[in-house]
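*Asks:* Handing you this structure, nothing more for now.
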Amino acid sequence: MDLDLTAQEVAFRDEAREWLAANVPADWAERRRRDEPMEERFAYLRRWQRRCFDAGWAGVHWPREYGGRGATLIERLIVIEEMARVGAPHLPGVIGLEMVGPTIIAFGTEAQKQRYLAKILSGEEIWCQGFSEPNSGSDLASLRADARLDGDHYVVNGQKVWTSYGWAADWCELLVRTDAGAASHKGLTCLLVDMKSPGVTVKPLRQMTGESEFAELFFENVRVPVENAVGQVNDGWRVALGTLMYERATLGAGMQVTFRRQYERLAEIARQTGKSGDAVLRQKLAQSRMEMEVMRLAQMRSVSRIVNGGVPGPEGSLQKILWSELNQRLQQTAMEVLGVYGQLAGGAEAVDGGQWAYAYLRARGNTIEAGTSEIQRNIIGHFVLGLPRSY
Amino acid sequence: MRFDLSDEQQLLRSAAREFLTKELPMAEARRLADSGDPHDRRLWRAMAEQGWTGLAIAEAHGGCGLGLVDLAVLMEEMGRALLGGPFFASPVFAGTMLEAAGAYEEAARVASGERVATVALVEEGGVWEPEKLGMTSGLAGRKLFVQEAAAADLLVVAARDAVVVVERGAAGVEMGEMPGMDTTRRLSWVKLAGPAGKVAARGAAAVAAIDRAIEVATAALCAEMTGGMQRVQDLAVQYAKTRKQFGQPIGKFQAVQHACADMWVMTECSRAAALYAAYALDRGTADARFAVSVAKAYASDAYRECGNRGIQVHGGMGFTWDNDTHYYYKRAKASEAALGDANYHRERIARLTLDERGEGNEPRA
């Protein structure tokens, strides 16, 4: 075991740290707590991505030929952790950077790479993914949005739901059925769809937090050029799965740093309010702190396995279970530390502008989004432990 | 970065797996646990010949001079095989304390396996933290929960102001059994009435030696617990694949499958935490104490929970004496109680991260 960073990695980290120290907008810490229209917030974040892009800090893991730095997995995690450490704004083009871009790099044609990749990095074009449908959530392969060939176009009809950034997106990576006769996951194709195409309707989906991070997408006779299929026709399941692997592998990466920041703040509040002397709360806080550390270590071990010649496997499911369930317990503990103030969503009396009430509610979705806890346990049961498929 | 075993460590693991599979098959581990004397002298000599009794003791002091991660690798295999007797008590706990206290001659004889030692630490009421001990170097009073005292030649007595080495047969030493649920490691009370002994360390040096031995032994115990979790998981998964109800393997039912998945998650997490604790202690990192507490708080709850899930997955069979799981479940309870349970270590984490400001992931030692 050797957990030290190499000299090169240390230099990389220091470079990232130095750039972030000089460039993270000073007003973000205050601004993030403020209520502002989604569009304004998004424009602000888009400018931040542009700044990162100009300095080479967007999509560092992308190959150099497509505008990235060709960073190793460890260097990529360093950037994610450093950004989380200083509480940098998030990059609004995350779907493109982490999922669609890598998919196009892996499966796309040269023309697609030239057309889309640079604008994903710079944030000039924002992407969303149209995967889930009202009747196809965990059972994604049963999806029914269909694309029929009409000359040199597909004609797409159907509905998608739970689309992150759907309301802001310029483009959509859309999973549709192109062969109704094939077995469920064999007749699917991934299409790159211009969201400004006639027949595309976007409706915000209001969550229990009150905000609308997600959208519902409606496609009515939307014409998509055939050259916009990414990967082989009817091979969309493999293309989409590749994308989902990226999603699971990266979604939890910065989490442990964010959790740590939240813990430090909670500890501070607990000391100020005298709650840090409460034996029961001490146990609960320490439990959360322990879980964060275990998650960090389990993640390091997974990364090490991949770096030292393995392939990404069930680690993503382990991470997904850890961060999502940890966060729900952490936010409950936060509520107990804040006591009666925990419920305040805003106003002068709220602690930290009401962000704890928000985090508490938002955490409910963690065990559902990006594959439910039940699905993750099915994956572990079947693919790791070799138990028979339960569904 | 490599958060995994080196090639040498992987060799050590497969050698240990092979040795224990051959020398300590489950039927033999059960026989020893049920025999009233889990210390198998023949097995002990064979392990000593492998160099295991001196694995983490310095070469200059008669050991192999390997690191604590190597020890963790070995302990995980031992936990998996349900090795009982004085291995944990003697080379791991007492050996570390003797070496840390500067009793190199005794440490060397423990490292060679020639002598068996055990640590007398816990006092009335379950008190065991070095600064709370009541016994002084005069050695008058009782020590409790002493592991494998019956097999030991030497008692390493942790007193408030000294580490004292006492021959088990010395005048003024009396002992008796404290029957525990885990019969793979016997517990004893030891009554001391000022027996003759060799003072290995005094004052601050003694406290430091006791403290070091506790940290090392705790990390090693967590690795051993991980091995037990792995075995319980394997047994449960195997059973879930073969046991049929309603015409299909019970492992096809999500309630059962998810219980197995949780056992896997707990085992993976426990392994990562135990390996890191050993690594941190070995390297003397600033967060070593925190790492040990994270590992023990986690493993204490997780091994017990894994054991319980293992029993439940086996259904009625899991509640029988014939099934192997209960031996592990009992070991889990004994290990949970030893050297601080989850509540104790969570409180220590709270002291390191809640009461002091800004130390973050590098809690002050």
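Here, A, B, ... name the chains of the structure tokens in the order displayed, residue numbers run from 1 inside each chain, and ligands are numbered from 1 in the same displayed order.
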Any idea what's packed within 7 Å of Gln299 of chain A, counting only C-alpha atoms, ignoring anything in its chain fewer than 4 positions away? Could you give it as a list in words?
*Replies:*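 The neighbour list is Met295, Val303 and Gln319 of chain A.
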*Asks:* Export, as a short mmCIF file (atom, residue, chain, number, x, y, z; two decimals), in the first residue's frame, the selected residues with all heavy atoms.
*Replies:*
```
data_model
loop_
_atom_site.label_atom_id
_atom_site.label_comp_id
_atom_site.auth_asym_id
_atom_site.auth_seq_id
_atom_site.Cartn_x
_atom_site.Cartn_y
_atom_site.Cartn_z
N MET A 295 -16.29 6.01 3.29
CA MET A 295 -16.61 6.23 1.88
C MET A 295 -15.37 6.69 1.13
O MET A 295 -15.07 6.22 0.02
CB MET A 295 -17.72 7.27 1.77
CG MET A 295 -18.03 7.67 0.35
SD MET A 295 -19.23 9.02 0.31
CE MET A 295 -18.83 9.69 -1.30
N VAL A 303 -10.59 3.26 -6.88
CA VAL A 303 -9.78 3.98 -7.86
C VAL A 303 -8.46 3.26 -8.07
O VAL A 303 -8.00 3.08 -9.20
CB VAL A 303 -9.54 5.43 -7.40
CG1 VAL A 303 -8.47 6.11 -8.23
CG2 VAL A 303 -10.84 6.22 -7.45
N GLN A 319 -20.22 2.88 -4.33
CA GLN A 319 -20.16 4.32 -4.06
C GLN A 319 -21.55 4.93 -4.01
O GLN A 319 -21.84 5.76 -3.16
CB GLN A 319 -19.34 5.03 -5.15
CG GLN A 319 -17.84 4.84 -4.99
CD GLN A 319 -17.35 5.28 -3.64
OE1 GLN A 319 -17.67 6.37 -3.17
NE2 GLN A 319 -16.59 4.44 -2.97
#
```
*Asks:* Excluding same-chain residues fewer than 5 positions from Thr367 of chain A, what lies within 6 Å of it counting only C-alpha atoms, as a list in words?
*Replies:*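 Once the adjacent positions are removed, what remains is Ser324, Thr372 and Ser373 of chain A.
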*Asks:* Mind writing the picked residues with N, CA, C and O atoms as an mmCIF file, in the first residue's frame?
*Replies:*
```cif
data_model
loop_
_atom_site.group_PDB
_atom_site.id
_atom_site.type_symbol
_atom_site.label_atom_id
_atom_site.label_comp_id
_atom_site.auth_asym_id
_atom_site.auth_seq_id
_atom_site.Cartn_x
_atom_site.Cartn_y
_atom_site.Cartn_z
ATOM 1 N N SER A 324 -25.307 8.100 -1.097
ATOM 2 C CA SER A 324 -26.716 8.492 -1.018
ATOM 3 C C SER A 324 -27.309 8.198 0.353
ATOM 4 O O SER A 324 -28.026 9.022 0.918
ATOM 5 N N THR A 372 -31.705 3.445 -8.302
ATOM 6 C CA THR A 372 -32.149 3.404 -6.907
ATOM 7 C C THR A 372 -31.251 2.492 -6.072
ATOM 8 O O THR A 372 -30.507 1.665 -6.599
ATOM 9 N N SER A 373 -31.349 2.654 -4.768
ATOM 10 C CA SER A 373 -30.597 1.776 -3.869
ATOM 11 C C SER A 373 -30.959 0.311 -4.125
ATOM 12 O O SER A 373 -30.106 -0.570 -4.041
#
```
*Asks:* If we count only C-alpha atoms and set the cut-off at 7 Å, which residues sit around Leu297 of chain A, ignoring sequence neighbours fewer than 4 positions away in its own chain? Please answer as a ChimeraX atom specification.
*Replies:* /A:293,301 /B:272-273
*Asks:* Near chain A, meaning an atom within 9 Å, which residues of chain B appear when counting only C-alpha atoms? Write them as a VMD selection string.
*Replies:* chain B and resid 1 to 6 69 234 237 to 238 240 to 241 249 251 to 254 257 to 262 264 to 265 268 to 273 275 to 276 279 291 293 to 295 297 to 298 343 345 to 351 353 to 355 357 to 358 360 to 361
*Asks:* I need the residues of segment 11-143 of chain A that end up classed as alpha helix (DSSP H) by DSSP on the backbone, written out as a PyMOL selection string.
*Replies:* chain A and resi 11-23+28-31+38-54+73-85+94-95+101-107+110-122
*Asks:* Between atom CA of Asp153 of chain B and atom CA of Ala201 of chain B, what is the distance, to one decimal in Å?
*Replies:*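 Between these atoms lies a distance of 19.6 Å.
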*Asks:* Name the residues in contact with Ala111 of chain B at a cut-off of 9 Å, using only C-alpha atoms, excluding same-chain residues fewer than 3 positions from it; report them as a PDB file with C-alpha atoms, in the first residue's frame.
*Replies:*
```
ATOM      1  CA  ALA B  48       5.768 -20.131  14.406  1.00  0.00           C
ATOM      2  CA  GLY B  51       7.367 -16.824  10.970  1.00  0.00           C
ATOM      3  CA  TRP B  52       3.876 -15.604  11.775  1.00  0.00           C
ATOM      4  CA  THR B  53       4.397 -15.184  15.520  1.00  0.00           C
ATOM      5  CA  GLY B  54       7.136 -12.655  14.794  1.00  0.00           C
ATOM      6  CA  LEU B  55       5.655 -11.133  11.688  1.00  0.00           C
ATOM      7  CA  ALA B  56       5.448  -7.496  12.763  1.00  0.00           C
ATOM      8  CA  ILE B  57       8.168  -7.542  15.419  1.00  0.00           C
ATOM      9  CA  HIS B  61      14.100  -8.035  18.281  1.00  0.00           C
ATOM     10  CA  GLY B  62      13.785 -11.516  16.852  1.00  0.00           C
ATOM     11  CA  GLY B  63      10.883 -10.974  14.488  1.00  0.00           C
ATOM     12  CA  CYS B  64      10.438 -10.799  10.707  1.00  0.00           C
ATOM     13  CA  SER B  90       0.469 -13.140  22.340  1.00  0.00           C
ATOM     14  CA  PRO B  91       2.389 -11.907  19.306  1.00  0.00           C
ATOM     15  CA  GLY B  95       4.398  -8.797  21.609  1.00  0.00           C
ATOM     16  CA  GLU B 106      10.831 -11.257  26.100  1.00  0.00           C
ATOM     17  CA  ALA B 107       9.597  -9.848  22.802  1.00  0.00           C
ATOM     18  CA  ALA B 108      12.049 -12.092  20.951  1.00  0.00           C
ATOM     19  CA  GLU B 114       8.699 -20.259  22.147  1.00  0.00           C
ATOM     20  CA  ARG B 115       6.747 -18.454  24.824  1.00  0.00           C
TER      21      ARG B 115
END
```
